[in-house]
Every structure is written in C-alpha cells, then in structure tokens.
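The next block holds one structure in the form of structure tokens; read it before the comments.
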Amino acid sequence: MLAHIPAAARHHAAPTAWLSSYFLFSFADYFDRGNMHFGPLRVFNDDTVAPQNGFPQHPHSEMEIVTLVLEGEVSHEDTLGNRTAIPAGEVQRMTAGTGVAHSEMNRQDKPLHLYQLWFVPSQKGLAPSYEQKDLGFLKARKNELVPLVTGQRVLEDVVYMNSNSTIYWSNLDCGKTLTFKTFPLRLTFIYVKEGSITVNGTKLGLNDQARLDAEDVLEIEATKDAQFILIDLPGSEANY
C-alpha cells in the first residue's frame with residue numbers, strides 16, 4: 001500500500017527570522033498523534049538556516065541523529081569534543097545514546113539547507129558516538145540507489161548507525177527507471193528533493209512523500225530529472 005503525502009501537507013514550523021523548517025512528522029510545536037513515526041523513523045525535518053545563525057547547544061538522548069547537508073555548511077560542536085565543518089554532500093551521524101549536547105551553526109554568508117533525521121535506536125543505553133563522511137551524494141553515480149547510512153554492516157563506504165534501516169540517495173535522469181526490491185514486512189519512505197518521479201504508478205512532485213508497506217517491488221521512474229531520498233525500514237518494532 002502506498003500513501004502519497006503532498007508537499008502542502010508538511011507542517012511549516014512557526015517562522016523565525018533565521019529558520020524555515022518543514023516537519024514531516026510530529027515534532028516541537030506540531031503534534032499529531034497519527035503522525036508520530038514511520039517504523040523507527042521518528043523525525044524528518046527539512047531545514048533552511050539563514051547566514052550567521054543556527055541551533056545553539058542543546059541535549060539529546062536515545063536517538064540516532066543523521067544530518068544530510070544539501071547546501072552550505074554546518075559548523076558542529078558537541079560535548080564529545082568534536083568541532084567539525086560539514087559541507088554539502090557530506091553525511092553526519094551522531095549516536096545520542098546515554099546523552100550528548102551539540103550545536104549546529106551556519107557560519108557562512110549564504111543559507112544552509114539540510115535534512116535532519118532521527119531514528120529510534122536498535123538498543124538503549126549506547127555510549128554516545130560520532131561519524132562524518134564525505135559521500136558526495138549530490139553528485140553521486142546517476143540512475144541508481146546509492147546507500148549513505150545503514151545499520152547493515154555488509155555495505156561499505158557508508159556511515160553506520162544503530163538502526164535496522166538504510167538511507168539511499170538517487171540522482172535519476174528523466175525517463176530512467178529503478179527497481180527496488182523489498183519485503184512485505186519492510187517499510188519504504190521516499191521524499192523528493194528535486195524534479196518528479198512515479199512510484200508504482202503514483203506521481204510524486206517536489207517535496208512530496210510516499211510511505212509504503214506490504215510491497216514486494218517498487219518501480220521508480222523519473223518524469224523530470226530528479227533527486228530523492230529512499231529509506232528502507234523495519235516494519236516491526238521488534239526489528240528496530
């Protein structure tokens with residue numbers, strides 16, 4: 001079954017002078033009991049941060065936090081001692097575990113655009129940890145699904161997280177088709193950054209979502225040159 005969620009259904013957070021944030025799931029000032037998570041995917045925020053602004057230090061615990069930088073650069077500092085710059089095309093994973101605090105600032109003179117995703121971890125009480133990798137996903141190989149972050153150690157040249165999930169990125173040329181094989185017990189989440197695609201015949205435009213379950217195969221075709229994120233997730237809480 002495929003649920004198509006149009007871009008207009010996203011929650012646009014209360015505007016500030018420095019942040020434009022769209023919440024795909026219940027978060028902060030947006031509460032919707034029917035939209036709390038999709039499998040272990042608890043948060044997906046599409047954020048644009050104005051120059052010389054950002055998120056001051058704040059705490060987290062018991063979450064796997066993944067940041068994909070799309071434009072600009074994140075200046076990151078945390079209580080683990082990490083002080084890093086994360087430019088566009090790089091991926092960051094922070095295991096909050098038993099507790100960590102961090103800040104995320106835009107020290108540049110142009111806007112910062114990022115996706116931040118939170119996953120319920122596969123186990124609680126993990127020691128906080130950090131990983132960052134230049135995967136160049138915005139210019140990655142075309143017309144395939146490129147893994148970026150996973151809990152499956154069989155994949156190489158990715159960022160690892162403590163969740164039975166995998167985040168893929170695709171740069172799909174107009175008219176090209178991808179096939180993604182899944183299982184009826186798995187979930188699939190898709191979010192379109194650019195262009196448009198069809199998923200099993202359903203058209204998704206800019207910033208649209210698809211949430212799928214009980215599927216065996218996904219046929220994805222670009223109707224315009226497209227960039228999108230696809231997340232493979234466990235459907236059973238016991239398999240998070």
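Lettering and numbering for the structure tokens are positional, with chains as A, B, ... in the shown order, residues counted from 1 in each chain, and ligands counted from 1 in the shown order.
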From a DSSP pass on the backbone, collect the residues of stretch 5-210 of chain A flagged as helix (DSSP H, G or I) and hand them back as a PyMOL selection string. chain A and resi 7-9+33-35+137-139
Hey, what's within 7 Å of A:Tyr168 if we count only C-alpha atoms and toss same-chain stuff fewer than 2 positions away? As a list in words, please? Leu145, Val146, Pro147, Leu148, Thr166, Ser170, Ile229, Leu230 and Ile231 of chain A
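Near A:Asn106, within a cut-off of 12 Å and counting only C-alpha atoms, sit the residues Trp18, Leu19, Asp47, Thr48, Val49, Ala50, Pro51, Gln52, Asn53, Gly54, Phe55, Pro56, Val69, Glu71, Gly72, Glu73, Val74, Ser75, His76, Glu77, Ala85, Ile86, Pro87, Pro111, Leu112, His113 and Leu114 of chain A, with same-chain residues fewer than 5 positions away left out.
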Grab the residues selected above and save them as a PDB file, in the first residue's frame with N, CA and C atoms.
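Wrote it out as selection-v4.pdb, contents follow:
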```pdb
ATOM      1  N   TRP A  18      15.463  33.446  11.293  1.00  0.00           N
ATOM      2  CA  TRP A  18      16.656  32.721  10.838  1.00  0.00           C
ATOM      3  C   TRP A  18      16.400  31.290  10.405  1.00  0.00           C
ATOM      4  N   LEU A  19      15.197  30.755  10.604  1.00  0.00           N
ATOM      5  CA  LEU A  19      14.946  29.339  10.331  1.00  0.00           C
ATOM      6  C   LEU A  19      13.616  29.144   9.623  1.00  0.00           C
ATOM      7  N   ASP A  47      15.218  21.665   6.769  1.00  0.00           N
ATOM      8  CA  ASP A  47      15.563  22.944   7.396  1.00  0.00           C
ATOM      9  C   ASP A  47      16.388  23.833   6.469  1.00  0.00           C
ATOM     10  N   THR A  48      16.061  25.121   6.477  1.00  0.00           N
ATOM     11  CA  THR A  48      16.891  26.133   5.845  1.00  0.00           C
ATOM     12  C   THR A  48      17.251  27.168   6.908  1.00  0.00           C
ATOM     13  N   VAL A  49      18.558  27.370   7.121  1.00  0.00           N
ATOM     14  CA  VAL A  49      19.072  28.236   8.185  1.00  0.00           C
ATOM     15  C   VAL A  49      19.728  29.452   7.549  1.00  0.00           C
ATOM     16  N   ALA A  50      19.351  30.643   8.012  1.00  0.00           N
ATOM     17  CA  ALA A  50      19.907  31.881   7.478  1.00  0.00           C
ATOM     18  C   ALA A  50      21.388  32.012   7.828  1.00  0.00           C
ATOM     19  N   PRO A  51      22.128  32.815   7.066  1.00  0.00           N
ATOM     20  CA  PRO A  51      23.555  33.023   7.367  1.00  0.00           C
ATOM     21  C   PRO A  51      23.775  33.554   8.779  1.00  0.00           C
ATOM     22  N   GLN A  52      24.888  33.108   9.367  1.00  0.00           N
ATOM     23  CA  GLN A  52      25.333  33.570  10.692  1.00  0.00           C
ATOM     24  C   GLN A  52      24.289  33.307  11.784  1.00  0.00           C
ATOM     25  N   ASN A  53      23.602  32.180  11.662  1.00  0.00           N
ATOM     26  CA  ASN A  53      22.608  31.772  12.650  1.00  0.00           C
ATOM     27  C   ASN A  53      22.668  30.263  12.817  1.00  0.00           C
ATOM     28  N   GLY A  54      21.820  29.741  13.697  1.00  0.00           N
ATOM     29  CA  GLY A  54      21.791  28.305  13.861  1.00  0.00           C
ATOM     30  C   GLY A  54      21.228  27.881  15.195  1.00  0.00           C
ATOM     31  N   PHE A  55      21.439  26.611  15.506  1.00  0.00           N
ATOM     32  CA  PHE A  55      20.905  25.991  16.705  1.00  0.00           C
ATOM     33  C   PHE A  55      21.980  26.006  17.793  1.00  0.00           C
ATOM     34  N   PRO A  56      21.805  26.756  18.872  1.00  0.00           N
ATOM     35  CA  PRO A  56      22.783  26.741  19.963  1.00  0.00           C
ATOM     36  C   PRO A  56      22.789  25.375  20.652  1.00  0.00           C
ATOM     37  N   VAL A  69      23.709  17.317   4.484  1.00  0.00           N
ATOM     38  CA  VAL A  69      23.863  18.722   4.123  1.00  0.00           C
ATOM     39  C   VAL A  69      23.688  18.858   2.608  1.00  0.00           C
ATOM     40  N   GLU A  71      22.996  22.184   0.955  1.00  0.00           N
ATOM     41  CA  GLU A  71      23.607  23.438   0.503  1.00  0.00           C
ATOM     42  C   GLU A  71      24.238  24.115   1.708  1.00  0.00           C
ATOM     43  N   GLY A  72      25.380  24.779   1.484  1.00  0.00           N
ATOM     44  CA  GLY A  72      26.041  25.472   2.573  1.00  0.00           C
ATOM     45  C   GLY A  72      26.905  24.554   3.405  1.00  0.00           C
ATOM     46  N   GLU A  73      27.074  24.894   4.686  1.00  0.00           N
ATOM     47  CA  GLU A  73      27.978  24.156   5.562  1.00  0.00           C
ATOM     48  C   GLU A  73      27.512  24.278   7.016  1.00  0.00           C
ATOM     49  N   VAL A  74      27.503  23.166   7.724  1.00  0.00           N
ATOM     50  CA  VAL A  74      27.189  23.142   9.152  1.00  0.00           C
ATOM     51  C   VAL A  74      28.486  23.224   9.945  1.00  0.00           C
ATOM     52  N   SER A  75      28.515  24.122  10.933  1.00  0.00           N
ATOM     53  CA  SER A  75      29.601  24.135  11.925  1.00  0.00           C
ATOM     54  C   SER A  75      29.073  23.427  13.170  1.00  0.00           C
ATOM     55  N   HIS A  76      29.681  22.288  13.481  1.00  0.00           N
ATOM     56  CA  HIS A  76      29.183  21.412  14.549  1.00  0.00           C
ATOM     57  C   HIS A  76      30.156  21.392  15.723  1.00  0.00           C
ATOM     58  N   GLU A  77      29.625  21.489  16.926  1.00  0.00           N
ATOM     59  CA  GLU A  77      30.404  21.274  18.148  1.00  0.00           C
ATOM     60  C   GLU A  77      29.567  20.435  19.097  1.00  0.00           C
ATOM     61  N   ALA A  85      33.378  20.936  10.475  1.00  0.00           N
ATOM     62  CA  ALA A  85      32.599  21.585   9.429  1.00  0.00           C
ATOM     63  C   ALA A  85      32.053  20.485   8.521  1.00  0.00           C
ATOM     64  N   ILE A  86      30.782  20.590   8.178  1.00  0.00           N
ATOM     65  CA  ILE A  86      30.122  19.581   7.348  1.00  0.00           C
ATOM     66  C   ILE A  86      29.578  20.272   6.103  1.00  0.00           C
ATOM     67  N   PRO A  87      30.291  20.224   4.992  1.00  0.00           N
ATOM     68  CA  PRO A  87      29.839  20.903   3.771  1.00  0.00           C
ATOM     69  C   PRO A  87      28.807  20.068   3.009  1.00  0.00           C
ATOM     70  N   PRO A 111      22.644  30.817   2.747  1.00  0.00           N
ATOM     71  CA  PRO A 111      21.766  29.919   3.503  1.00  0.00           C
ATOM     72  C   PRO A 111      22.313  28.491   3.561  1.00  0.00           C
ATOM     73  N   LEU A 112      21.936  27.809   4.607  1.00  0.00           N
ATOM     74  CA  LEU A 112      22.263  26.401   4.829  1.00  0.00           C
ATOM     75  C   LEU A 112      20.987  25.590   4.669  1.00  0.00           C
ATOM     76  N   HIS A 113      21.024  24.558   3.844  1.00  0.00           N
ATOM     77  CA  HIS A 113      19.875  23.665   3.642  1.00  0.00           C
ATOM     78  C   HIS A 113      20.296  22.257   4.036  1.00  0.00           C
ATOM     79  N   LEU A 114      19.517  21.651   4.912  1.00  0.00           N
ATOM     80  CA  LEU A 114      19.845  20.298   5.367  1.00  0.00           C
ATOM     81  C   LEU A 114      18.582  19.515   5.660  1.00  0.00           C
TER      82      LEU A 114
END
```
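The closest residue to A:Pro15, picked from A:Asp29, A:Thr98, A:Gln116, A:Met36 and counting only C-alpha atoms, is A:Asp29.
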Taking only stretch 87-195 of chain A into account, list the residues labelled strand (DSSP E or B) by DSSP (computed from the backbone), as a tab-separated table (two decimals) with C-alpha atoms, in the first residue's frame.
```tsv
chain	number	residue	atom	x	y	z
A	87	PRO	CA	29.84	20.90	3.77
A	90	GLU	CA	28.69	15.12	3.47
A	91	VAL	CA	26.76	12.99	5.94
A	92	GLN	CA	26.91	13.07	9.74
A	93	ARG	CA	25.65	10.52	12.25
A	94	MET	CA	25.51	11.15	15.97
A	95	THR	CA	24.51	8.42	18.40
A	100	VAL	CA	25.13	14.31	24.40
A	101	ALA	CA	24.73	18.02	23.65
A	102	HIS	CA	25.64	19.74	20.41
A	103	SER	CA	25.27	22.96	18.42
A	104	GLU	CA	24.69	23.33	14.69
A	105	MET	CA	25.50	26.75	13.25
A	106	ASN	CA	25.64	28.34	9.82
A	112	LEU	CA	22.26	26.40	4.83
A	113	HIS	CA	19.88	23.66	3.64
A	114	LEU	CA	19.85	20.30	5.37
A	115	TYR	CA	17.73	17.27	6.17
A	116	GLN	CA	17.85	16.01	9.73
A	117	LEU	CA	16.51	12.55	10.52
A	118	TRP	CA	16.11	10.83	13.88
A	119	PHE	CA	15.82	7.07	14.25
A	129	SER	CA	29.47	8.49	19.35
A	130	TYR	CA	30.03	10.46	16.16
A	131	GLU	CA	30.77	9.76	12.50
A	132	GLN	CA	31.08	12.03	9.47
A	133	LYS	CA	31.90	11.09	5.89
A	134	ASP	CA	32.21	12.83	2.53
A	142	LYS	CA	23.42	8.59	-11.61
A	146	VAL	CA	23.39	4.94	-3.54
A	147	PRO	CA	23.50	3.84	0.14
A	148	LEU	CA	24.53	6.61	2.53
A	149	VAL	CA	23.71	5.42	6.06
A	150	THR	CA	22.90	1.93	7.27
A	159	VAL	CA	28.03	5.87	7.54
A	160	TYR	CA	26.86	3.32	10.11
A	166	THR	CA	19.23	2.08	5.27
A	167	ILE	CA	19.14	5.57	3.74
A	168	TYR	CA	19.64	5.74	-0.04
A	169	TRP	CA	20.06	8.73	-2.35
A	170	SER	CA	19.31	8.83	-6.06
A	171	ASN	CA	20.06	11.25	-8.88
A	172	LEU	CA	17.67	9.90	-11.51
A	177	THR	CA	13.72	3.67	-14.11
A	178	LEU	CA	14.91	1.99	-10.91
A	179	THR	CA	13.64	-1.17	-9.29
A	180	PHE	CA	13.84	-1.50	-5.52
A	181	LYS	CA	13.14	-4.96	-4.14
A	186	ARG	CA	9.54	-3.84	5.49
A	187	LEU	CA	8.57	-0.20	5.09
A	188	THR	CA	9.81	2.26	2.48
A	189	PHE	CA	9.84	6.04	2.80
A	190	ILE	CA	10.55	8.37	-0.16
A	191	TYR	CA	10.97	12.17	-0.19
A	192	VAL	CA	11.59	14.14	-3.39
A	193	LYS	CA	14.15	16.95	-3.29
A	194	GLU	CA	14.03	17.92	-6.96
A	195	GLY	CA	12.06	17.03	-10.07
```
Using only C-alpha atoms, determine which residues lie at most 8 Å from A:Leu2, disregarding the query and same-chain residues fewer than 4 positions distant; provide the list as JSON, numbers by chain. {"A": [210, 211, 212, 213]}
Any chance you could export the current selection's C-alpha atoms as a compact mmCIF listing (two decimals), in the first residue's frame?
```txt
# COMPACT_ATOMS: atom_id res chain seq x y z
CA ALA A 210 5.49 8.27 -0.26
CA ARG A 211 5.12 5.87 2.65
CA LEU A 212 4.82 2.26 1.56
CA ASP A 213 4.14 -1.04 3.28
```
Might you pull out every residue within 12 Å of A:Val43, with only C-alpha atoms counted and same-chain residues fewer than 2 positions away left off, and present them as a VMD selection string? chain A and resid 22 to 28 30 35 to 41 45 to 46 63 to 67 115 to 120
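With only C-alpha atoms as the atoms that count, the minimum distance from A:Gln209 to the choices A:Gly81, A:Ser196, A:Glu221, A:Glu62 is reached by A:Ser196.
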